[in-house]
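Engineer: So here's structure18.txt, just compact mmCIF, C-alpha atoms:
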# COMPACT_ATOMS: atom_id res chain seq x y z
CA MET N 1 -34.38 25.91 -18.71
CA MET N 2 -34.07 24.64 -15.13
CA LEU N 3 -32.95 21.22 -16.39
CA GLU N 4 -30.29 22.82 -18.59
CA LEU N 5 -28.96 24.89 -15.67
CA LEU N 6 -28.89 21.80 -13.46
CA LEU N 7 -26.99 19.89 -16.14
CA LEU N 8 -24.52 22.77 -16.57
CA PHE N 9 -23.99 22.99 -12.82
CA SER N 10 -23.39 19.23 -12.65
CA LEU N 11 -20.84 19.39 -15.47
CA LEU N 12 -19.05 22.30 -13.77
CA LEU N 13 -19.00 20.37 -10.48
CA VAL N 14 -17.55 17.27 -12.12
CA GLY N 15 -15.00 19.37 -13.98
CA ALA N 16 -13.97 21.14 -10.77
CA TYR N 17 -13.60 17.76 -9.04
CA PHE N 18 -11.28 16.38 -11.73
CA LEU N 19 -9.34 19.68 -11.84
CA LEU N 20 -8.86 19.43 -8.07
CA HIS N 21 -7.40 15.95 -8.44
CA ALA N 22 -5.25 16.84 -11.44
CA VAL N 23 -3.78 20.07 -10.03
CA PHE N 24 -3.96 20.05 -6.24
CA LEU N 25 -4.20 16.40 -5.14
CA LYS N 26 -1.92 14.79 -7.72
CA LEU N 27 1.26 13.58 -6.05
CA PRO N 28 4.72 13.52 -7.69
CA ARG N 29 6.18 10.23 -8.90
CA CYS N 30 9.43 8.61 -7.84
CA ARG N 31 11.67 9.09 -10.89
CA SER N 32 14.50 6.80 -9.85
CA ALA N 33 15.59 4.32 -12.51
CA VAL N 34 17.58 2.23 -10.01
CA GLU N 35 17.53 -1.53 -10.58
CA LEU N 36 17.62 -3.89 -7.59
CA HIS N 37 18.87 -7.20 -8.99
CA GLY N 38 20.76 -9.02 -6.24
CA LYS N 39 19.21 -6.81 -3.54
CA THR N 40 16.79 -7.86 -0.80
CA ALA N 41 13.95 -5.79 0.63
CA VAL N 42 11.53 -6.33 3.52
CA VAL N 43 8.15 -4.56 3.44
CA THR N 44 5.83 -4.81 6.44
CA GLY N 45 2.10 -4.79 5.85
CA ALA N 46 2.69 -5.62 2.19
CA ASN N 47 -0.51 -7.55 1.49
CA THR N 48 -2.59 -4.47 0.70
CA GLY N 49 -2.54 -0.74 -0.01
CA ILE N 50 0.68 1.25 -0.02
CA GLY N 51 2.70 -1.74 1.20
CA LYS N 52 1.64 -3.98 -1.66
CA THR N 53 2.22 -1.23 -4.21
CA THR N 54 5.70 -0.62 -2.76
CA ALA N 55 6.52 -4.34 -2.88
CA MET N 56 5.24 -4.50 -6.47
CA ASP N 57 7.57 -1.71 -7.56
CA LEU N 58 10.60 -3.19 -5.80
CA ALA N 59 9.90 -6.59 -7.38
CA ARG N 60 9.59 -4.96 -10.79
CA ARG N 61 13.10 -3.59 -10.32
CA GLY N 62 14.42 -7.10 -9.71
CA ALA N 63 14.65 -7.17 -5.91
CA ARG N 64 14.07 -10.21 -3.76
CA VAL N 65 11.07 -8.97 -1.76
CA ILE N 66 9.93 -10.31 1.60
CA LEU N 67 6.29 -9.58 2.41
CA ALA N 68 6.27 -9.39 6.21
CA CYS N 69 2.60 -9.77 7.11
CA ARG N 70 0.29 -11.13 9.79
CA ASP N 71 -2.49 -12.52 7.57
CA ARG N 72 -1.13 -15.55 5.70
CA ARG N 73 -4.07 -15.90 3.30
CA ARG N 74 -4.01 -12.30 2.12
CA ALA N 75 -0.23 -12.21 1.98
CA GLU N 76 0.04 -15.35 -0.14
CA ALA N 77 -2.56 -13.93 -2.51
CA ALA N 78 -0.48 -10.73 -2.75
CA VAL N 79 2.66 -12.78 -3.42
CA GLN N 80 0.98 -14.53 -6.36
CA GLU N 81 -0.36 -11.24 -7.74
CA ILE N 82 3.04 -9.55 -7.55
CA ILE N 83 4.81 -12.50 -9.19
CA GLN N 84 2.22 -12.55 -11.97
CA GLU N 85 2.42 -8.78 -12.55
CA THR N 86 6.21 -8.45 -12.42
CA GLY N 87 7.51 -11.83 -13.61
CA ASN N 88 9.80 -11.84 -10.56
CA SER N 89 9.56 -15.15 -8.71
CA GLN N 90 11.71 -13.90 -5.83
CA VAL N 91 8.72 -12.66 -3.83
CA ILE N 92 8.22 -14.42 -0.51
CA PHE N 93 5.81 -14.29 2.42
CA MET N 94 7.18 -14.45 5.95
CA GLN N 95 4.93 -14.38 9.01
CA LEU N 96 5.14 -11.21 11.11
CA ASP N 97 2.66 -9.98 13.72
CA LEU N 98 3.85 -6.57 14.90
CA ALA N 99 1.41 -6.79 17.81
CA SER N 100 3.64 -9.50 19.33
CA LEU N 101 7.27 -8.84 20.24
CA GLN N 102 7.86 -12.59 20.19
CA SER N 103 6.55 -12.74 16.63
CA VAL N 104 8.97 -9.96 15.68
CA ARG N 105 11.85 -11.93 17.18
CA SER N 106 10.74 -15.12 15.42
CA PHE N 107 10.50 -13.29 12.10
CA VAL N 108 14.02 -11.93 12.50
CA ASP N 109 15.38 -15.37 13.44
CA ASP N 110 13.77 -16.90 10.34
CA PHE N 111 14.96 -14.05 8.13
CA LEU N 112 18.57 -14.17 9.34
CA ARG N 113 18.68 -17.93 8.82
CA SER N 114 17.31 -17.81 5.27
CA GLU N 115 18.54 -14.47 3.87
CA SER N 116 22.16 -13.42 3.47
CA ARG N 117 21.54 -9.69 3.02
CA LEU N 118 19.10 -6.84 3.62
CA ASP N 119 19.33 -3.71 1.51
CA VAL N 120 15.99 -2.00 2.13
CA LEU N 121 13.68 -2.19 5.15
CA ILE N 122 10.28 -0.55 4.68
CA ASN N 123 8.43 -0.08 7.98
CA ASN N 124 5.05 0.38 6.34
CA ALA N 125 2.35 -1.39 8.39
CA GLY N 126 -0.01 0.67 10.51
CA VAL N 127 -3.31 0.40 12.34
CA ILE N 128 -6.00 2.57 13.87
CA ILE N 129 -7.64 0.14 16.25
CA GLY N 130 -8.25 -0.09 19.98
CA GLY N 131 -7.20 -2.79 22.39
CA LYS N 132 -3.90 -4.17 23.56
CA THR N 133 -1.06 -6.09 21.97
CA LYS N 134 -0.05 -9.53 23.20
CA ASP N 135 2.54 -7.83 25.41
CA GLY N 136 0.05 -5.42 26.98
CA PHE N 137 0.86 -2.27 25.03
CA GLY N 138 -1.72 -0.12 23.32
CA MET N 139 -2.37 -1.64 19.89
CA ILE N 140 -1.69 1.56 17.95
CA PHE N 141 1.55 2.33 19.81
CA GLY N 142 2.59 -1.33 19.82
CA VAL N 143 2.15 -1.93 16.08
CA ASN N 144 2.90 1.47 14.58
CA HIS N 145 5.98 2.23 16.65
CA LEU N 146 7.19 -0.43 19.05
CA GLY N 147 7.00 -3.47 16.75
CA HIS N 148 8.85 -1.59 14.03
CA PHE N 149 11.39 -0.29 16.54
CA LEU N 150 12.27 -3.83 17.63
CA LEU N 151 12.26 -5.12 14.05
CA THR N 152 14.70 -2.43 12.94
CA MET N 153 16.99 -2.93 15.93
CA LEU N 154 17.23 -6.67 15.39
CA LEU N 155 17.96 -6.25 11.67
CA LEU N 156 20.52 -3.45 12.01
CA ASP N 157 23.59 -5.69 11.87
CA ARG N 158 22.39 -7.28 8.63
CA LEU N 159 21.61 -3.83 7.20
CA LYS N 160 25.09 -2.61 8.12
CA ALA N 161 26.74 -5.69 6.61
CA SER N 162 24.80 -5.16 3.36
CA GLY N 163 25.44 -1.42 3.10
CA PRO N 164 24.77 0.93 1.59
CA SER N 165 21.27 0.19 2.83
CA ARG N 166 18.19 2.15 3.86
CA VAL N 167 15.36 2.12 6.40
CA VAL N 168 12.15 3.90 5.40
CA THR N 169 9.40 4.36 7.98
CA VAL N 170 5.94 5.39 6.83
CA ALA N 171 4.80 8.15 9.18
CA SER N 172 2.13 10.74 8.42
CA LYS N 173 1.49 14.47 8.43
CA ALA N 174 -0.84 13.53 11.29
CA TYR N 175 2.28 13.67 13.49
CA GLU N 176 1.59 17.43 13.69
CA MET N 177 -1.36 16.66 16.00
CA GLY N 178 0.69 14.20 18.04
CA LYS N 179 2.49 14.42 21.35
CA VAL N 180 4.55 12.05 23.46
CA ASP N 181 3.19 11.74 27.01
CA PHE N 182 5.94 9.88 28.86
CA ASN N 183 3.89 9.68 32.04
CA LEU N 184 1.14 7.85 30.15
CA LEU N 185 3.65 5.64 28.36
CA THR N 186 5.31 4.70 31.64
CA THR N 187 2.15 4.03 33.60
CA GLN N 188 -0.23 2.73 30.90
CA ARG N 189 2.25 1.52 28.21
CA ASP N 190 0.14 3.46 25.72
CA VAL N 191 -0.02 6.84 23.95
CA GLY N 192 -3.64 7.69 24.76
CA VAL N 193 -6.94 6.59 26.20
CA ASP N 194 -8.81 4.02 24.11
CA GLY N 195 -12.31 5.24 23.34
CA SER N 196 -14.07 6.98 20.48
CA ASP N 197 -12.94 6.97 16.86
CA TYR N 198 -11.58 10.48 17.34
CA GLU N 199 -9.58 9.40 20.39
CA LEU N 200 -8.19 6.48 18.38
CA PHE N 201 -7.25 8.92 15.63
CA LEU N 202 -5.37 11.07 18.16
CA MET N 203 -3.52 7.97 19.35
CA TYR N 204 -2.60 7.34 15.71
CA CYS N 205 -1.23 10.90 15.51
CA HIS N 206 0.87 10.28 18.63
CA SER N 207 2.25 7.07 17.11
CA LYS N 208 3.18 8.87 13.90
CA LEU N 209 5.13 11.44 15.90
CA CYS N 210 6.93 8.47 17.46
CA ASN N 211 7.80 7.26 13.93
CA VAL N 212 9.33 10.62 13.02
CA LEU N 213 11.26 10.89 16.31
CA PHE N 214 12.51 7.30 15.98
CA THR N 215 13.90 8.04 12.51
CA TYR N 216 15.52 11.25 13.73
CA GLU N 217 17.26 9.46 16.61
CA LEU N 218 18.14 6.42 14.49
CA ALA N 219 19.99 8.60 11.99
CA LYS N 220 22.16 10.04 14.76
CA ARG N 221 23.04 6.55 15.98
CA LEU N 222 23.84 5.40 12.44
CA GLN N 223 26.39 8.10 11.71
CA ASP N 224 29.59 6.71 10.21
CA THR N 225 27.74 3.63 8.91
CA ASP N 226 26.44 2.77 5.46
CA VAL N 227 22.81 2.74 6.67
CA THR N 228 20.57 5.77 6.18
CA CYS N 229 16.96 6.26 7.27
CA TYR N 230 13.98 8.41 6.39
CA SER N 231 10.41 8.95 7.57
CA VAL N 232 7.72 9.78 5.03
CA HIS N 233 4.25 11.20 4.68
CA PRO N 234 2.52 9.18 1.94
CA GLY N 235 -0.13 11.83 1.31
CA PRO N 236 -3.93 11.65 1.61
CA ILE N 237 -4.36 8.05 0.51
CA GLN N 238 -7.30 5.67 0.18
CA THR N 239 -6.20 2.71 2.29
CA GLU N 240 -7.79 0.08 4.51
CA ILE N 241 -6.19 1.42 7.67
CA ALA N 242 -9.57 2.55 9.05
CA ARG N 243 -11.38 -0.70 8.17
CA SER N 244 -12.00 -1.40 11.88
CA SER N 245 -13.43 2.06 12.62
CA GLY N 246 -16.90 2.62 14.01
CA PHE N 247 -20.18 3.24 12.21
CA TRP N 248 -20.17 7.05 12.29
CA TRP N 249 -16.53 7.28 11.21
CA LYS N 250 -17.33 5.14 8.19
CA ILE N 251 -20.44 7.17 7.39
CA LEU N 252 -18.82 10.59 7.75
CA VAL N 253 -15.12 10.12 6.95
CA VAL N 254 -14.77 7.20 4.55
CA PRO N 255 -16.88 8.79 1.74
CA PHE N 256 -14.74 11.95 2.05
CA MET N 257 -11.61 9.79 1.71
CA TYR N 258 -12.88 8.16 -1.47
CA LEU N 259 -13.77 11.51 -2.97
CA PHE N 260 -10.67 13.52 -2.10
CA PHE N 261 -7.90 11.03 -1.34
CA VAL N 262 -5.71 9.42 -3.99
CA ASP N 263 -4.79 5.80 -4.70
CA ALA N 264 -2.13 3.58 -3.16
CA VAL N 265 0.17 3.89 -6.18
CA SER N 266 0.42 7.62 -5.51
CA GLY N 267 0.86 6.94 -1.80
CA ALA N 268 3.88 4.70 -2.36
CA GLN N 269 5.90 7.24 -4.32
CA THR N 270 7.61 9.05 -1.46
CA THR N 271 8.46 5.72 0.18
CA LEU N 272 10.03 4.56 -3.09
CA HIS N 273 11.88 7.84 -3.51
CA CYS N 274 13.50 7.46 -0.09
CA ALA N 275 14.28 3.80 -0.69
CA LEU N 276 15.81 4.30 -4.15
CA GLU N 277 16.87 7.85 -5.00
CA PRO N 278 20.65 8.29 -5.24
CA GLY N 279 22.26 11.27 -3.53
CA ILE N 280 19.94 11.74 -0.55
CA GLU N 281 22.20 10.02 2.00
CA HIS N 282 23.09 13.38 3.59
CA LEU N 283 19.38 13.79 4.42
CA SER N 284 19.30 10.72 6.65
CA GLY N 285 16.90 11.23 9.55
CA HIS N 286 14.75 13.71 7.68
CA TYR N 287 11.01 13.65 7.09
CA PHE N 288 9.91 13.55 3.44
CA ASP N 289 6.66 14.61 1.80
CA ARG N 290 5.86 14.63 -1.93
CA CYS N 291 9.29 13.11 -2.69
CA SER N 292 11.08 16.05 -1.05
CA PRO N 293 12.61 16.64 2.39
CA ARG N 294 10.66 18.93 4.68
CA LEU N 295 13.34 20.97 6.37
CA ASN N 296 10.98 23.25 8.31
CA ILE N 297 8.93 20.63 10.17
CA GLU N 298 7.66 21.29 13.67
CA SER N 299 10.30 21.48 16.38
CA LYS N 300 8.69 18.67 18.39
CA ALA N 301 9.60 16.27 15.56
CA ARG N 302 13.31 17.09 15.94
CA ASP N 303 13.50 17.42 19.71
CA ASP N 304 16.72 15.73 20.83
CA ALA N 305 15.67 15.11 24.42
CA THR N 306 12.27 13.65 23.49
CA ALA N 307 13.74 11.46 20.73
CA LYS N 308 16.42 10.10 23.07
CA LYS N 309 13.96 9.44 25.89
CA LEU N 310 11.52 7.68 23.55
CA TRP N 311 14.38 5.53 22.23
CA GLU N 312 15.50 4.52 25.72
CA LEU N 313 11.93 3.77 26.84
CA SER N 314 11.36 1.70 23.70
CA GLU N 315 14.56 -0.25 24.36
CA GLY N 316 13.27 -1.05 27.84
CA PHE N 317 9.86 -2.11 26.57
CA CYS N 318 11.52 -4.42 24.02
CA GLY N 319 13.99 -5.91 26.48
CA LEU N 320 16.99 -4.41 24.69
CA ALA N 321 18.23 -2.10 27.46
I'd like the structure from this file rewritten - as structure tokens, please.
Structural biologist:
Amino acid sequence: MMLELLLLFSLLLVGAYFLLHAVFLKLPRCRSAVELHGKTAVVTGANTGIGKTTAMDLARRGARVILACRDRRRAEAAVQEIIQETGNSQVIFMQLDLASLQSVRSFVDDFLRSESRLDVLINNAGVIIGGKTKDGFGMIFGVNHLGHFLLTMLLLDRLKASGPSRVVTVASKAYEMGKVDFNLLTTQRDVGVDGSDYELFLMYCHSKLCNVLFTYELAKRLQDTDVTCYSVHPGPIQTEIARSSGFWWKILVVPFMYLFFVDAVSGAQTTLHCALEPGIEHLSGHYFDRCSPRLNIESKARDDATAKKLWELSEGFCGLA
């Protein structure tokens, strides 16, 4: 009798788990049927996870896709996989290390020399790791925000010339826990104090708020152009972003992620929606979640003064002021 009850309980538990995924955790799909033949897209961090899935979809639609990645070996393997899966040979690796502003500039120089247009820029790459960039900024702030800020600024003229074009920046709902401490940014060139896994996670939250504020300010500066921009929350996704985390984080958090988070294909859908869906141009600057704009997001994510100050500080850090 006890064995039968245990078996019944196990079946109920498994059923509840699959019901949870099917009803509550399942994310909507991008339904756009847009084809991208003759279009060019750049996807940062495209050798794994959401970035690779995004690049795969864009290639399937006929786009020329540039995988902008730091790790040559992994990126070239991703290029071959995408070509094999999609039959699109116009998939190319170009070296980009977002932890180096010089690498960003070199990437842009190479891109502008070799590519005549840019229709979609996907600022996808992200890290949760301590340390400093090659320019002395906090790694999380430097890669997640500042590298993408400079990349976008240097590619804006090509985006405008290719319009209508779009910039999609992968943020996160974690922005809700974020804040922008300008005193810390000015004195330490960072968004937090490097330390425990939890402190690194908070720094990640701060950087994601920077992503949302950057998109908000960018949209205002792109008014009367053919370039629109969006920030997105991909959802609770199983990715490798925490691969450098500490022992206890991996023991306590990673198993939870694998049980209750969804795959990278699901995580790419809101990015694809914002990159492809016709008729959302009037929502430029907005934050999207589950393929829909979130019009009631926290006020700190649409704070004009903070967004403007972050922009100006970022310009100074990047030598653009």
Engineer: So the first atom is atom CA of Val212 of chain N and the second is atom CA of Ala161 of chain N; what is the distance between them in Å, to one decimal place?
Structural biologist: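 Computing the Euclidean distance for atom CA of Val212 of chain N and atom CA of Ala161 of chain N yields 24.7 Å.
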Engineer: With a distance cut-off of 10 Å and all atoms listed in the file, select the neighbouring residues of Gln95 of chain N, excluding the residue or stretch itself and same-chain residues fewer than 5 positions from it, and output the selection as a ChimeraX atom specification.
Structural biologist: /N:44,66-72,75,103-104,106-107,110
Engineer: Work out how far atom CA of Cys274 of chain N is from atom CA of Ala46 of chain N, in Å to one decimal.
Structural biologist: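 Between atom CA of Ala46 of chain N and atom CA of Cys274 of chain N the gap is 17.1 Å.
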Engineer: Check the smallest atom-to-atom distance from each of N:Thr270, N:Leu200, N:Gly147, N:Phe141 to Leu184 of chain N using all atoms listed in the file, then report the winner.
Structural biologist: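 Among the listed residues, the smallest separation from Leu184 of chain N belongs to N:Phe141.
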Engineer: By how many Å are atom CA of Gln102 of chain N and atom CA of Leu154 of chain N apart?
Structural biologist: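 Between atom CA of Gln102 of chain N and atom CA of Leu154 of chain N the gap works out to 12.1 Å.
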Engineer: Of the candidates N:Glu81, N:Asp304, N:Glu199, N:Asp119, which shows the shortest atom-to-atom distance to Ala63 of chain N, using all atoms listed in the file?
Structural biologist: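 Checking each candidate against Ala63 of chain N, we get N:Asp119 as the closest.
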Engineer: Could you list, as a PyMOL selection string, every residue within 9 Å of Ser165 of chain N, counting all atoms listed in the file and ignoring same-chain residues fewer than 5 positions away?
Structural biologist: chain N and resi 118-121+159-160+226-229+275
Engineer: So which residues touch Val34 of chain N within 9 Å, counting all atoms listed in the file, skipping near sequence neighbours fewer than 2 positions away, as a PyMOL selection string?
Structural biologist: chain N and resi 32+36+61+276-278
Engineer: Pick out the closest residue to Phe149 of chain N from this set: N:Gln269, N:Asn123, N:Thr133, N:Ser231. Count all atoms listed in the file.
Structural biologist: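 Ranking N:Gln269, N:Asn123, N:Thr133, N:Ser231 by distance to Phe149 of chain N, first place goes to N:Asn123.
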Engineer: If we count all atoms listed in the file and set the cut-off at 10 Å, which residues sit around Tyr230 of chain N, ignoring sequence neighbours fewer than 6 positions away in its own chain? Please answer as a list in words.
Structural biologist: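 Everything that qualifies: Ile122, Arg166, Val167, Val168, Thr169, Val170, Ala171, Asn211, Val212, Phe214, Thr215, Tyr216, Leu218, Ala219, Thr271, Cys274, Ala275, Ile280, Glu281, Leu283, Ser284, Gly285, His286, Tyr287, Phe288 and Pro293 of chain N.
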Engineer: Compare N:Cys30, N:Met139, N:Val43, N:Leu101 by their minimum atom-to-atom distance to Asp289 of chain N, counting only C-alpha atoms, and give me the closest one.
Structural biologist: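 For Asp289 of chain N, the nearest of the candidates is N:Cys30.
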Engineer: Could you tell me which of N:Leu213, N:Ala77, N:Leu98, N:Ile129 comes closest to Tyr175 of chain N if we count only C-alpha atoms?
Structural biologist: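 Nearest to Tyr175 of chain N: N:Leu213.
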Engineer: Nearest residue to Ser162 of chain N out of N:His148, N:Arg117, N:Arg290, N:Lys308, using all atoms listed in the file?
Structural biologist: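 Counting all atoms listed in the file, the residue closest to Ser162 of chain N is N:Arg117.
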